[in-house]
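First comes the structure, then the notes that go with it.
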Protein chains: 2
Amino acid sequence: MSVLSDEQVSERLAGLDGWTRQGDSIVHVATLADFKAAMLYVGAVAYLAESANHHPDIAIGWNTVTLTLSTHSAGGLTAKDFALAEQISKLG
Amino acid sequence: MSVLSDEQVSERLAGLDGWTRQGDSIVHVATLADFKAAMLYVGAVAYLAESANHHPDIAIGWNTVTLTLSTHSAGGLTAKDFALAEQISKLG
C-alpha cells in the first residue's frame with residue numbers, strides 16, 4: 001500500500017464531503033442528536049472498520065464523534081484511508 | 001452537585017484503581033486484546049454512562065480506550081464522576 005502524494009490526497013479529498021486533511025491523517029467530525037445516537041454511529045463505523053481491517057481513531061464527546069484515519073504501517077495516507085472514508089460517508 | 005476539594009479528590013482516587021487526575025478530570029486507560037474487544041468494552045461503558053446520565057469522553061485507538069470524566073456543569077470533579085468511575089472499574 002503506497003503513500004499518496006499531496007496532489008493525490010487533494011484530488012481525493014475534493015471528492016469527499018466533510019473530511020479535512022490534518023498532516024498525515026484525514027479527519028471527519030460527525031455531530032449526532034445525543035450520546036445514544038453517537039454510539040449507534042460509532043457501532044456502524046466500527047463494523048465498516050473491522051470489515052476493512054483498517055481502524056480509525058475514534059473520539060466520542062457526548063454527541064460528537066471525531067474520526068481520524070491514517071495508514072500508520074505505510075507512514076501516511078493511502079488508498080485504504082480514502083476507501084474507508086467513502087464507506088463511512090455513505091452512512092450519511 | 002458540588003465540586004469536590006483537592007483533598008476529597010485525592011481520598012477518592014486512593015480507593016480507585018487505574019484512574020489518575022488530570023486537572024478537572026479523572027482519566028482511565030484500558031488496554032484490550034484488539035479493536036473488537038475495545039468496542040465491546042466501550043459498549044459496556046456507554047451503557048453505564050447512559051444509565052447514570054453522565055458521559056465520559058471516550059477515545060478509541062485500536063485496542064486502547066481512554067475515558068475522561070468530569071462534571072462540566074459543575075466546573076470540576078463531583079461525586080457523580082467517582083460513582084461512574086467505580087462502576088466502570090467493576091467491569092474489570
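Naming scheme: A, B, ... for chains in displayed order of the C-alpha cells; residues 1 onward per chain; ligands 1 onward as shown.
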Over all C-alpha pairs taken in sequence order, what does chain A look like after a least-squares fit onto chain B? Please give it as an mmCIF file with C-alpha atoms, in the first residue's frame.
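out23.cif, written as the output of this step:
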```cif
data_model
loop_
_atom_site.group_PDB
_atom_site.id
_atom_site.type_symbol
_atom_site.label_atom_id
_atom_site.label_comp_id
_atom_site.auth_asym_id
_atom_site.auth_seq_id
_atom_site.Cartn_x
_atom_site.Cartn_y
_atom_site.Cartn_z
ATOM 1 C CA MET A 1 -23.820 18.515 42.715
ATOM 2 C CA SER A 2 -20.923 20.284 44.478
ATOM 3 C CA VAL A 3 -17.312 20.262 43.324
ATOM 4 C CA LEU A 4 -15.010 18.118 45.460
ATOM 5 C CA SER A 5 -11.995 19.704 47.156
ATOM 6 C CA ASP A 6 -8.479 18.587 46.190
ATOM 7 C CA GLU A 7 -8.333 16.604 49.421
ATOM 8 C CA GLN A 8 -11.631 14.850 48.705
ATOM 9 C CA VAL A 9 -10.477 14.027 45.167
ATOM 10 C CA SER A 10 -7.218 12.545 46.474
ATOM 11 C CA GLU A 11 -9.092 10.428 49.024
ATOM 12 C CA ARG A 12 -11.475 9.058 46.435
ATOM 13 C CA LEU A 13 -8.715 8.414 43.900
ATOM 14 C CA ALA A 14 -6.813 6.402 46.522
ATOM 15 C CA GLY A 15 -9.731 3.951 46.609
ATOM 16 C CA LEU A 16 -9.959 3.650 42.850
ATOM 17 C CA ASP A 17 -7.518 1.522 40.858
ATOM 18 C CA GLY A 18 -6.247 2.683 37.491
ATOM 19 C CA TRP A 19 -7.594 6.234 37.449
ATOM 20 C CA THR A 20 -5.440 9.348 37.560
ATOM 21 C CA ARG A 21 -6.302 13.011 37.962
ATOM 22 C CA GLN A 22 -5.659 15.367 35.071
ATOM 23 C CA GLY A 23 -6.730 18.879 36.075
ATOM 24 C CA ASP A 24 -10.519 18.938 36.431
ATOM 25 C CA SER A 25 -10.885 15.370 35.145
ATOM 26 C CA ILE A 26 -10.107 11.792 36.122
ATOM 27 C CA VAL A 27 -8.731 9.553 33.391
ATOM 28 C CA HIS A 28 -8.610 5.793 32.877
ATOM 29 C CA VAL A 29 -6.777 4.001 30.073
ATOM 30 C CA ALA A 30 -7.962 0.455 29.341
ATOM 31 C CA THR A 31 -5.929 -1.811 27.063
ATOM 32 C CA LEU A 32 -7.913 -4.596 25.405
ATOM 33 C CA ALA A 33 -6.916 -7.515 23.178
ATOM 34 C CA ASP A 34 -7.865 -5.847 19.897
ATOM 35 C CA PHE A 35 -10.325 -3.426 18.271
ATOM 36 C CA LYS A 36 -13.314 -5.739 18.649
ATOM 37 C CA ALA A 37 -12.626 -6.183 22.361
ATOM 38 C CA ALA A 38 -12.185 -2.420 22.718
ATOM 39 C CA MET A 39 -15.582 -1.824 21.075
ATOM 40 C CA LEU A 40 -17.289 -4.332 23.389
ATOM 41 C CA TYR A 41 -15.736 -2.535 26.367
ATOM 42 C CA VAL A 42 -16.922 0.834 25.022
ATOM 43 C CA GLY A 43 -20.428 -0.633 24.672
ATOM 44 C CA ALA A 44 -20.449 -1.587 28.354
ATOM 45 C CA VAL A 45 -19.086 1.814 29.408
ATOM 46 C CA ALA A 46 -21.707 3.538 27.248
ATOM 47 C CA TYR A 47 -24.491 1.536 28.888
ATOM 48 C CA LEU A 48 -23.308 2.511 32.366
ATOM 49 C CA ALA A 49 -22.881 6.134 31.270
ATOM 50 C CA GLU A 50 -26.348 6.334 29.761
ATOM 51 C CA SER A 51 -27.874 4.721 32.878
ATOM 52 C CA ALA A 52 -26.106 7.286 35.089
ATOM 53 C CA ASN A 53 -26.935 10.100 32.644
ATOM 54 C CA HIS A 54 -23.279 11.063 32.926
ATOM 55 C CA HIS A 55 -20.981 10.603 29.946
ATOM 56 C CA PRO A 56 -17.202 10.332 29.795
ATOM 57 C CA ASP A 57 -15.239 11.460 26.796
ATOM 58 C CA ILE A 58 -14.182 8.226 25.096
ATOM 59 C CA ALA A 59 -11.147 7.870 22.827
ATOM 60 C CA ILE A 60 -10.570 4.596 20.969
ATOM 61 C CA GLY A 61 -7.163 3.850 19.422
ATOM 62 C CA TRP A 62 -7.428 0.287 18.080
ATOM 63 C CA ASN A 63 -7.088 -1.704 21.343
ATOM 64 C CA THR A 64 -6.773 1.247 23.732
ATOM 65 C CA VAL A 65 -9.727 3.097 25.274
ATOM 66 C CA THR A 66 -9.162 6.331 27.169
ATOM 67 C CA LEU A 67 -12.022 7.534 29.393
ATOM 68 C CA THR A 68 -12.087 11.095 30.709
ATOM 69 C CA LEU A 69 -14.655 12.026 33.356
ATOM 70 C CA SER A 70 -15.566 15.482 34.648
ATOM 71 C CA THR A 71 -18.761 17.263 35.679
ATOM 72 C CA HIS A 72 -18.697 20.127 33.192
ATOM 73 C CA SER A 73 -21.964 21.608 34.518
ATOM 74 C CA ALA A 74 -20.377 21.954 37.987
ATOM 75 C CA GLY A 75 -16.979 23.087 36.683
ATOM 76 C CA GLY A 76 -14.972 20.288 38.261
ATOM 77 C CA LEU A 77 -14.975 16.810 39.768
ATOM 78 C CA THR A 78 -18.044 15.706 41.722
ATOM 79 C CA ALA A 79 -19.357 12.552 43.415
ATOM 80 C CA LYS A 80 -21.012 11.725 40.061
ATOM 81 C CA ASP A 81 -17.616 11.228 38.421
ATOM 82 C CA PHE A 82 -16.408 8.866 41.102
ATOM 83 C CA ALA A 83 -19.681 6.928 41.210
ATOM 84 C CA LEU A 84 -19.418 6.216 37.469
ATOM 85 C CA ALA A 85 -15.668 5.526 37.655
ATOM 86 C CA GLU A 86 -16.337 2.905 40.336
ATOM 87 C CA GLN A 87 -18.980 1.232 38.195
ATOM 88 C CA ILE A 88 -16.663 1.206 35.181
ATOM 89 C CA SER A 89 -13.823 -0.257 37.253
ATOM 90 C CA LYS A 90 -16.082 -3.131 38.258
ATOM 91 C CA LEU A 91 -16.238 -4.145 34.581
ATOM 92 C CA GLY A 92 -12.678 -5.377 35.194
#
```
(message) Can you pull out every residue from chain A that DSSP, working from the backbone, puts in strand (DSSP E), and format the result as a list in words?
(response) Trp19, Thr20, Arg21, Gln22, Ser25, Ile26, Val27, His28, Val29, Ala30, Thr31, Asp57, Ile58, Ala59, Ile60, Gly61, Thr64, Val65, Thr66, Leu67, Thr68 and Leu69 of chain A
(message) Could you pull out the helix (DSSP H, G or I) residues of chain B, going by DSSP on the backbone, and write them as a ChimeraX atom specification?
(response) /B:6-14,35-52,79-90
